[in-house]
Amino acid sequence: MHPHVIAWWRAQRERAQGHCHAGASSGCSTGAWAGPPSEGGSFGVRRPLRFLAHKLTLNDKQAADLARILDQLKIERAQAEVDERRSIASFADAVAGPSYDAELAAAAAKRRAETAERLAAVVERSLREIHALLDGEQRDKLAYLLRSGALTI
């Protein structure tokens with residue numbers, strides 16, 4: 001296949017998927033590629049907030065409160081990712097030396113468990129706050145979104 005045809009085909013596919021990359025052809029409108037929609041790294045607060053505001057028919061106050069809750073959850077998840085990378089680095093350091101460093105590995109495992117407990121507590125608190133924020137019909141819709149996999153917490 002000719003290289004120009006490949007470039008055109010990729011641009012058409014990306015435009016159809018709703019995202020583009022920096023070197024895309026003129027058919028691409030955004031100019032910056034944020035990654036596929038399923039990647040967690042570029043999944044900020046606005047996108048799930050818009051999705052939930054639409055699906056749950058939230059009013060402005062509910063949307064503002066939900067934005068605050070999702071922001072706290074996002075920050076805690078980011079901290080958990082940092083802690084995970086640190087624990088992996090500690091595990092690597094524990095096995096890198098001439099002898100196994102059991103204390104370093106145990107500290108990393110303990111830190112990993114504490115991070116998981118902290119994240120679980122924040123998720124539970126967030127769900128409790130969201131539950132208090134919604135009315136009965138909205139809670140039913142949220143439960144459906146969670147069960148169906150359309151929304152993950």
# chains A, B, ... in the order shown; residues from 1 in each chain; ligands from 1
>>> residues_around(residues="Phe91 in chain A", least_positions_apart="6", cutoff="12 Å", atoms="only C-alpha atoms", output="list in words")
Glu84, Arg85, Gly97, Tyr100, Asp101, Ala102, Glu103, Leu104, Ala105, Ala106, Ala107, Ala108, Ala109, Lys110, Arg111 and Arg112 of chain A
>>> write_last_selection(atoms="C-alpha atoms", output="mmCIF file, in the first residue's frame")
data_model
loop_
_atom_site.group_PDB
_atom_site.id
_atom_site.type_symbol
_atom_site.label_atom_id
_atom_site.label_comp_id
_atom_site.auth_asym_id
_atom_site.auth_seq_id
_atom_site.Cartn_x
_atom_site.Cartn_y
_atom_site.Cartn_z
ATOM 1 C CA GLU A 84 2.533 1.735 43.277
ATOM 2 C CA ARG A 85 5.527 2.904 41.220
ATOM 3 C CA GLY A 97 21.786 -6.165 45.377
ATOM 4 C CA TYR A 100 18.015 -10.010 49.084
ATOM 5 C CA ASP A 101 16.877 -7.033 51.220
ATOM 6 C CA ALA A 102 13.904 -8.487 53.104
ATOM 7 C CA GLU A 103 13.310 -5.323 55.132
ATOM 8 C CA LEU A 104 12.999 -3.161 52.015
ATOM 9 C CA ALA A 105 10.646 -5.642 50.365
ATOM 10 C CA ALA A 106 8.516 -5.902 53.520
ATOM 11 C CA ALA A 107 8.286 -2.098 53.783
ATOM 12 C CA ALA A 108 7.245 -1.888 50.129
ATOM 13 C CA ALA A 109 4.600 -4.578 50.597
ATOM 14 C CA LYS A 110 3.282 -2.788 53.695
ATOM 15 C CA ARG A 111 3.160 0.528 51.807
ATOM 16 C CA ARG A 112 1.280 -1.162 48.960
#
>>> closest_atom_pairs(of="range 33-107 of chain A", to="range 127-131 of chain A", cutoff="12 Å", atoms="only C-alpha atoms", output="JSON lines")
{"residue": "A:Leu52", "atom": "CA", "partner": "A:Ile130", "partner_atom": "CA", "distance": 11.2}
{"residue": "A:Leu56", "atom": "CA", "partner": "A:Ile130", "partner_atom": "CA", "distance": 11.7}
{"residue": "A:Leu58", "atom": "CA", "partner": "A:Ile130", "partner_atom": "CA", "distance": 11.6}
{"residue": "A:Gln62", "atom": "CA", "partner": "A:Ile130", "partner_atom": "CA", "distance": 9.1}
{"residue": "A:Ala63", "atom": "CA", "partner": "A:Ile130", "partner_atom": "CA", "distance": 10.5}
{"residue": "A:Ala64", "atom": "CA", "partner": "A:Ile130", "partner_atom": "CA", "distance": 11.6}
{"residue": "A:Asp65", "atom": "CA", "partner": "A:Ile130", "partner_atom": "CA", "distance": 8.5}
{"residue": "A:Leu66", "atom": "CA", "partner": "A:Ile130", "partner_atom": "CA", "distance": 6.9}
{"residue": "A:Ala67", "atom": "CA", "partner": "A:Ile130", "partner_atom": "CA", "distance": 10.4}
{"residue": "A:Arg68", "atom": "CA", "partner": "A:Glu129", "partner_atom": "CA", "distance": 10.4}
{"residue": "A:Ile69", "atom": "CA", "partner": "A:Glu129", "partner_atom": "CA", "distance": 7.5}
{"residue": "A:Leu70", "atom": "CA", "partner": "A:Ile130", "partner_atom": "CA", "distance": 9.4}
{"residue": "A:Gln72", "atom": "CA", "partner": "A:Glu129", "partner_atom": "CA", "distance": 11.5}
{"residue": "A:Leu73", "atom": "CA", "partner": "A:Leu127", "partner_atom": "CA", "distance": 10.1}
>>> closest_residue(among="A:Ala116, A:Ala121, A:Ala143, A:Val5", to="Glu81 in chain A", atoms="only C-alpha atoms")
A:Ala116
